[in-house]
Amino acid sequence: MICKKSLSLLFCLFLISCVNLQNSFNSSCLFPEEKLEHGGLINRIIKNTDIDESYKRYICYEEPNYRLVFPIPYNSKKEFSILEENISLIKKKFRESRITIKDKKFNELSKSSLQRIKKEREIFNNKIIKVSARKYSKAKFIYPVKGIISSEYGVKRFINGLPRNPHLGLDIAAGTGTKVVAPENGEVIYVGDFFYRGKLIIIDHGHGIISTYSHLHDIFVSVGEKVLKNKKIASVGSSGRVTGPHLHFEIIFLGTKINPILFF
């Protein structure tokens, strides 16, 4: 009798440990399909279940398997390994964009502007690493604004003839005042007005997925507000450093800016 009770207890403890292991990973695997390119996404079932603590944030549980969902940075090596998975990225050539900014405020940065830029960069970086347990309802987003894609992800930028950081978002050109909507359910976690980005909104969609909206004209939401898919959140503008009215839209997954096209 004692032996049976001991075995039952051990079996219960085993079941509890399995449940805890599963719960320690993301339970939702509703992410875009794998695309092995710079700014893409690794999304595959893995055989290795002996997962280092530093990689658990990239794992979701899809009964009875574990799935690796890993954002590929723009500056990633073409070939690398992660959790015993050998990754080879497809060759992709990004076009160049050369624009001219005439506003002296952006060309001859004052000491106060440099201090402001540094502070805003810190605020932004702290917001985009947020990982909440909230779940979005579907894997597919909708476009946040109707317009023409004027600059895609990965474009090599030259401003006034000088090389700048690559364009790690999606620019959608539209007239000033054009409606901007939430592409998926989420919560507004930041509203502000930055030096370069202009009027800005940041939305948390859950599971480490963050979206940002820059160069806005009007903002119709506030921090802490829950927004539903297709809800009007702002209007297109030309605030910040721009050459014309457009929406600069980004998707950040677990702190890495990836190609927004993956989500449409």
# chains A, B, ... in the order shown; residues from 1 in each chain; ligands from 1

call {"tool": "select_by_dssp", "arguments": {"residues": "range 2-246 of chain A", "states": "strand (DSSP E)", "output": "PyMOL selection string"}}
result
chain A and resi 41-46+59-62+65-71+79-82+85-88+96-99+148-151+156-159+162-163+170-173+179-181+186-194+198-206+209-219+226-227+232-236+246

call {"tool": "closest_atom_pairs", "arguments": {"of": "range 102-192 of chain A", "to": "range 242-256 of chain A", "cutoff": "8 Å", "atoms": "only C-alpha atoms", "output": "tab-separated table"}}
result
residue	atom	partner	partner_atom	distance
A:Ile128	CA	A:Gly255	CA	5.6
A:Ile129	CA	A:Gly255	CA	4.6
A:Lys130	CA	A:Leu254	CA	7.6
A:Val131	CA	A:Leu254	CA	6.9
A:Val145	CA	A:Leu247	CA	7.7
A:Leu168	CA	A:Glu250	CA	7.1
A:Gly169	CA	A:Glu250	CA	4.5
A:Leu170	CA	A:Phe249	CA	5.1
A:Asp171	CA	A:His248	CA	4.5
A:Ile172	CA	A:Leu247	CA	5.2
A:Ala173	CA	A:His246	CA	4.2
A:Ala174	CA	A:His246	CA	5.4
A:Gly175	CA	A:Pro245	CA	6.1
A:Thr176	CA	A:Pro245	CA	5.8

call {"tool": "write_last_selection", "arguments": {"atoms": "N, CA and C atoms", "output": "tab-separated table (two decimals), in the first residue's frame"}}
result
chain	number	residue	atom	x	y	z
A	128	ILE	N	10.47	49.03	-26.47
A	128	ILE	CA	10.36	47.97	-27.48
A	128	ILE	C	10.85	46.61	-27.00
A	129	ILE	N	11.42	46.54	-25.80
A	129	ILE	CA	11.84	45.23	-25.27
A	129	ILE	C	10.77	44.63	-24.37
A	130	LYS	N	9.63	45.30	-24.26
A	130	LYS	CA	8.54	44.81	-23.42
A	130	LYS	C	8.01	43.47	-23.96
A	131	VAL	N	7.84	42.50	-23.06
A	131	VAL	CA	7.28	41.21	-23.45
A	131	VAL	C	6.13	40.89	-22.50
A	145	VAL	N	-2.54	51.90	-42.71
A	145	VAL	CA	-3.00	53.05	-43.48
A	145	VAL	C	-3.08	52.67	-44.96
A	168	LEU	N	14.63	50.39	-41.28
A	168	LEU	CA	14.16	49.12	-40.72
A	168	LEU	C	12.66	49.14	-40.42
A	169	GLY	N	11.92	49.73	-41.34
A	169	GLY	CA	10.47	49.76	-41.21
A	169	GLY	C	9.84	49.83	-42.58
A	170	LEU	N	8.60	50.27	-42.60
A	170	LEU	CA	7.85	50.38	-43.85
A	170	LEU	C	7.28	51.79	-43.92
A	171	ASP	N	7.62	52.53	-44.97
A	171	ASP	CA	7.06	53.86	-45.18
A	171	ASP	C	5.86	53.76	-46.12
A	172	ILE	N	4.73	54.31	-45.67
A	172	ILE	CA	3.52	54.31	-46.50
A	172	ILE	C	3.12	55.76	-46.72
A	173	ALA	N	3.26	56.22	-47.95
A	173	ALA	CA	2.95	57.61	-48.28
A	173	ALA	C	1.44	57.80	-48.42
A	174	ALA	N	0.94	58.86	-47.79
A	174	ALA	CA	-0.48	59.20	-47.87
A	174	ALA	C	-0.62	60.67	-47.51
A	175	GLY	N	-1.74	61.26	-47.86
A	175	GLY	CA	-1.96	62.67	-47.59
A	175	GLY	C	-2.09	62.97	-46.11
A	176	THR	N	-1.72	64.17	-45.74
A	176	THR	CA	-1.87	64.60	-44.34
A	176	THR	C	-3.32	64.45	-43.91

call {"tool": "closest_residue", "arguments": {"among": "A:Val181, A:Ile202, A:Val236, A:Leu36", "to": "Lys78 in chain A", "atoms": "only C-alpha atoms"}}
result
A:Leu36

call {"tool": "residues_around", "arguments": {"residues": "Ile46 in chain A", "least_positions_apart": "2", "cutoff": "7 Å", "atoms": "only C-alpha atoms", "output": "list in words"}}
result
Arg44, Asn48, Tyr66, Arg67 and Leu68 of chain A

call {"tool": "closest_atom_pairs", "arguments": {"of": "range 160-207 of chain A", "to": "range 80-104 of chain A", "cutoff": "12 Å", "atoms": "only C-alpha atoms", "output": "JSON lines"}}
result
{"residue": "A:Asn160", "atom": "CA", "partner": "A:Thr100", "partner_atom": "CA", "distance": 4.8}
{"residue": "A:Gly161", "atom": "CA", "partner": "A:Arg98", "partner_atom": "CA", "distance": 7.0}
{"residue": "A:Leu162", "atom": "CA", "partner": "A:Arg98", "partner_atom": "CA", "distance": 8.8}
{"residue": "A:Pro163", "atom": "CA", "partner": "A:Arg98", "partner_atom": "CA", "distance": 8.9}
{"residue": "A:Arg164", "atom": "CA", "partner": "A:Arg98", "partner_atom": "CA", "distance": 10.0}
{"residue": "A:Asn165", "atom": "CA", "partner": "A:Ser97", "partner_atom": "CA", "distance": 11.4}
{"residue": "A:Pro166", "atom": "CA", "partner": "A:Glu96", "partner_atom": "CA", "distance": 9.3}
{"residue": "A:His167", "atom": "CA", "partner": "A:Ser97", "partner_atom": "CA", "distance": 9.3}
{"residue": "A:Leu168", "atom": "CA", "partner": "A:Phe94", "partner_atom": "CA", "distance": 11.3}
{"residue": "A:Tyr196", "atom": "CA", "partner": "A:Ile101", "partner_atom": "CA", "distance": 11.9}
